[in-house]
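Please read the structure below before turning to the comments.
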Amino acid sequence: MKTKHLLLSLLLLLLAIFGILTAQITQDDHFSLARREILMRKIGHEMLLNAGDSTSRVLPVTKLNGEKYRLQFENPFRFEPDTLVKIIQKTVAYHETSDYIVNVLDCSKNTVVYGYAMAADKKNDVLSCLGREQVSACYLVTVEFGNVPFGMKKYAAAASLLAFVGLCPFVVLGYRSRKTTTPKIPKAANQLVAIGNLLFDNDQKQLITPDETLKLTAKETRLLAIFAQNPNEVIDRSRLQKEIWEDDGIIVGRSLDVFISKLRKKLESDVNVQLVNIHGKGYRLQIDAGKI
């Protein structure tokens with residue numbers, strides 16, 4: 001009984017510390033959101049200055065969903081993709097360590113006129129159409145960050161560790177009290193999907209190659225799941241956009257191209273597997289016969 005009382009006291013203490021850390025995570029989360037909105041406004045300010053506009057306003061920043069933010073402007077302006085990339089990279093790199101995707105939309109048509117992706121691993125960067133100056137128009141700029149800031153990860157990891165340490169003694173005691181009466185139930189194996197010589201783990205969001213295991217983002221996972229369920233079949237762009245981006249509020253065609261390009265790089269370790277662009281229709285996960 002004394003052991004159980006001691007463990008209970010330890011658990012209460014750890015729960016109190018866990019609560020403090022959780023409150024700190026929440027506080028850091030609010031701080032992170034506010035900081036990213038400030039970063040977005042700074043990006044807008046630098047873009048207007050570069051366009052020769054030092055008087056018009058950068059309108060309030062809108063948080064769309066997840067880690068995606070939208071920047072709006074009072075007046076039309078022009079921009080150069082090269083300068084835009086440098087401005088955002090300089091502003092974001094100093095404060096953030098996450099990957100991010102940038103899209104510039106035409107306000108009147110709600111279509112993407114320019115977009116690119118930057119990654120911590122530079123080989124996954126996707127840049128195009130540099131050196132092509134855009135005409136003066138009404139533009140929206142969206143930036144979608146890939147990961148939460150390091151500070152929040154630190155607190156979350158500490159909170160998780162405390163919860164694990166606090167619960168372990170009770171799990172051990174429960175196991176000992178039941179091990180003679182409770183039969184072991186084998187854990188169900190994770191379902192892997194073979195794609196050529198690769199293995200796709202949808203649950204763990206990863207692609208297993210003969211040489212390494214590659215992490216997939218949530219959108220990359222959803223894309224690859226659609227292709228894996230329909231090998232060698234043409235999947236319409238409209239279907240992919242609807243199923244992957246329907247919750248974002250704005251469906252942007254350029255984002256699909258960016259994620260297809262990133263996914264194509266992760267599949268390139270198997271020459272028998274290719275993501276083929278079917279002009280005017282969509283994409284096909286092409287797998288040589290005998291490799292499916």
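Chain labels follow the order of the structure tokens: the first chain is A, the next B, and so on; residue numbering restarts at 1 in every chain, and ligands are counted from 1 in their shown order.
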
Exercise: Gln191 in chain A partners within 9 Å, only C-alpha atoms, chain neighbours under 3 positions left out, as an mmCIF file with N, CA and C atoms, in the first residue's frame:
```cif
data_model
loop_
_atom_site.group_PDB
_atom_site.id
_atom_site.type_symbol
_atom_site.label_atom_id
_atom_site.label_comp_id
_atom_site.auth_asym_id
_atom_site.auth_seq_id
_atom_site.Cartn_x
_atom_site.Cartn_y
_atom_site.Cartn_z
ATOM 1 N N ALA A 188 -1.912 -5.918 -34.373
ATOM 2 C CA ALA A 188 -2.118 -5.996 -35.820
ATOM 3 C C ALA A 188 -0.972 -5.325 -36.559
ATOM 4 N N PHE A 200 4.818 1.869 -49.175
ATOM 5 C CA PHE A 200 4.124 3.070 -48.718
ATOM 6 C C PHE A 200 3.393 2.770 -47.409
ATOM 7 N N ASP A 201 3.773 3.503 -46.357
ATOM 8 C CA ASP A 201 3.142 3.359 -45.040
ATOM 9 C C ASP A 201 2.255 4.570 -44.816
ATOM 10 N N ASN A 202 0.959 4.403 -45.085
ATOM 11 C CA ASN A 202 0.014 5.519 -44.990
ATOM 12 C C ASN A 202 -0.162 5.984 -43.548
ATOM 13 N N ASP A 203 -0.201 5.030 -42.590
ATOM 14 C CA ASP A 203 -0.419 5.382 -41.186
ATOM 15 C C ASP A 203 0.736 6.208 -40.628
#
```

message: Env of range 230-235 of chain A: 8 Å cut, atoms = only C-alpha atoms, seq-sep filter 6 positions within chain, self excluded. Answer as a list in words.
response: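 These residues fall inside the cut-off: Ile278, Lys281, Gly282, Tyr283, Arg284, Leu285, Gln286, Ile287 and Ile292 of chain A.
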
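Checking A:Val104, A:Ala218, A:Ala93, A:Ile208 one by one against Ala119 in chain A, counting only C-alpha atoms, you find the shortest gap at A:Ala93.
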
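Between CA of Arg41 in chain A and CA of Pro60 in chain A lies a distance of 8.1 Å.
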
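If only C-alpha atoms are the atoms counted, then among A:Ala117, A:Leu84, A:Ala228, A:Val92 the closest residue to Gly131 in chain A is A:Leu84.
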
query: Expressed in Å to a single decimal, how great is the separation between CA of Gln229 in chain A and CA of Lys242 in chain A?
result: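 Separating CA of Gln229 in chain A from CA of Lys242 in chain A is a distance of 16.8 Å.
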